Amino acid sequence: MEVRRVVLGPGETYAVRLTGRGARGYVWTWRVTGDADVVAVAPGAGPAVPGAAPPGAAVELAYVVRARPPGGGRARIRFAQVRPPYPDEAPYDEFVLDVEVTRGNEAPPGSGVTPGSGGAG
C-alpha cells in the first residue's frame, strides 16, 4: 500500500491516477477521515481514447481531490480496490493520500507539491 502526502491551498486540486481492473469485477472506492469537510473527491476523466485498450486490459482511472475553502485542516483519503459482490474480501489494492489544506493559498516552503499533479501507479 502506497501512502502519499500533499499540501494544497483552498481551491487547488490534486489528480490521483489508479490502475483499474473493471474487467475482473474490481472498482475503486474511497473513504475520507480526519477533517473530511476540507476536501472533496470526484471521479476524473476516463481513458483518453475509449476502446483503445484490448478487452480485459487494465485501464488507468483518474480521481480529483479538491481542497475546500477556507482550509486549515488535514484529511486522509483511503482508496481501496474492491469487488462489490464480495464485501468481506480484502481489497486487491490500496492507496492512501494524506492531505493538508492550508489557510489561504499558501503551501509551506519545501512541501514539494505541485498543485494539480501527481498520481499513483
# chains A, B, ... in the order shown; residues from 1 in each chain; ligands from 1

$ residues_around --residues "Arg74 of chain A" --least-positions-apart "3" --cutoff "9 Å" --atoms "only C-alpha atoms" --output "list in words"
Thr33, Gly34, Asp35, Ala36, Val38, Val39, Gly71, Asp98, Val99, Glu100, Val101 and Thr102 of chain A

$ write_last_selection --atoms "N, CA and C atoms" --output "PDB file, in the first residue's frame"
ATOM      1  N   THR A  33     -11.376  10.456   6.095  1.00  0.00           N
ATOM      2  CA  THR A  33     -11.403  10.570   7.549  1.00  0.00           C
ATOM      3  C   THR A  33     -10.618  11.809   7.955  1.00  0.00           C
ATOM      4  N   GLY A  34     -10.642  12.118   9.229  1.00  0.00           N
ATOM      5  CA  GLY A  34      -9.995  13.332   9.715  1.00  0.00           C
ATOM      6  C   GLY A  34     -10.941  14.496   9.512  1.00  0.00           C
ATOM      7  N   ASP A  35     -10.406  15.611   9.035  1.00  0.00           N
ATOM      8  CA  ASP A  35     -11.225  16.792   8.738  1.00  0.00           C
ATOM      9  C   ASP A  35     -11.842  16.597   7.359  1.00  0.00           C
ATOM     10  N   ALA A  36     -12.841  15.743   7.283  1.00  0.00           N
ATOM     11  CA  ALA A  36     -13.412  15.335   5.995  1.00  0.00           C
ATOM     12  C   ALA A  36     -14.008  16.490   5.206  1.00  0.00           C
ATOM     13  N   VAL A  38     -12.699  19.361   4.572  1.00  0.00           N
ATOM     14  CA  VAL A  38     -11.719  20.214   3.896  1.00  0.00           C
ATOM     15  C   VAL A  38     -11.361  19.722   2.497  1.00  0.00           C
ATOM     16  N   VAL A  39     -11.858  18.535   2.101  1.00  0.00           N
ATOM     17  CA  VAL A  39     -11.580  18.014   0.760  1.00  0.00           C
ATOM     18  C   VAL A  39     -12.847  17.442   0.125  1.00  0.00           C
ATOM     19  N   GLY A  71     -10.147  26.048   4.268  1.00  0.00           N
ATOM     20  CA  GLY A  71      -8.894  25.333   4.518  1.00  0.00           C
ATOM     21  C   GLY A  71      -8.632  25.199   6.010  1.00  0.00           C
ATOM     22  N   ASP A  98      -2.703  11.493   2.253  1.00  0.00           N
ATOM     23  CA  ASP A  98      -2.841  12.403   3.381  1.00  0.00           C
ATOM     24  C   ASP A  98      -2.786  13.817   2.825  1.00  0.00           C
ATOM     25  N   VAL A  99      -3.851  14.584   3.068  1.00  0.00           N
ATOM     26  CA  VAL A  99      -3.970  15.928   2.503  1.00  0.00           C
ATOM     27  C   VAL A  99      -3.992  16.957   3.621  1.00  0.00           C
ATOM     28  N   GLU A 100      -3.089  17.914   3.541  1.00  0.00           N
ATOM     29  CA  GLU A 100      -3.130  19.075   4.426  1.00  0.00           C
ATOM     30  C   GLU A 100      -3.632  20.240   3.592  1.00  0.00           C
ATOM     31  N   VAL A 101      -4.695  20.889   4.059  1.00  0.00           N
ATOM     32  CA  VAL A 101      -5.228  22.057   3.371  1.00  0.00           C
ATOM     33  C   VAL A 101      -4.872  23.278   4.201  1.00  0.00           C
ATOM     34  N   THR A 102      -4.052  24.141   3.617  1.00  0.00           N
ATOM     35  CA  THR A 102      -3.611  25.343   4.317  1.00  0.00           C
ATOM     36  C   THR A 102      -4.708  26.400   4.290  1.00  0.00           C
TER      37      THR A 102
END

$ residues_around --residues "segment 64-68 of chain A" --least-positions-apart "2" --cutoff "7 Å" --atoms "only C-alpha atoms" --output "number ranges by chain"
A: 8-16, 38-44, 62, 70-71, 101
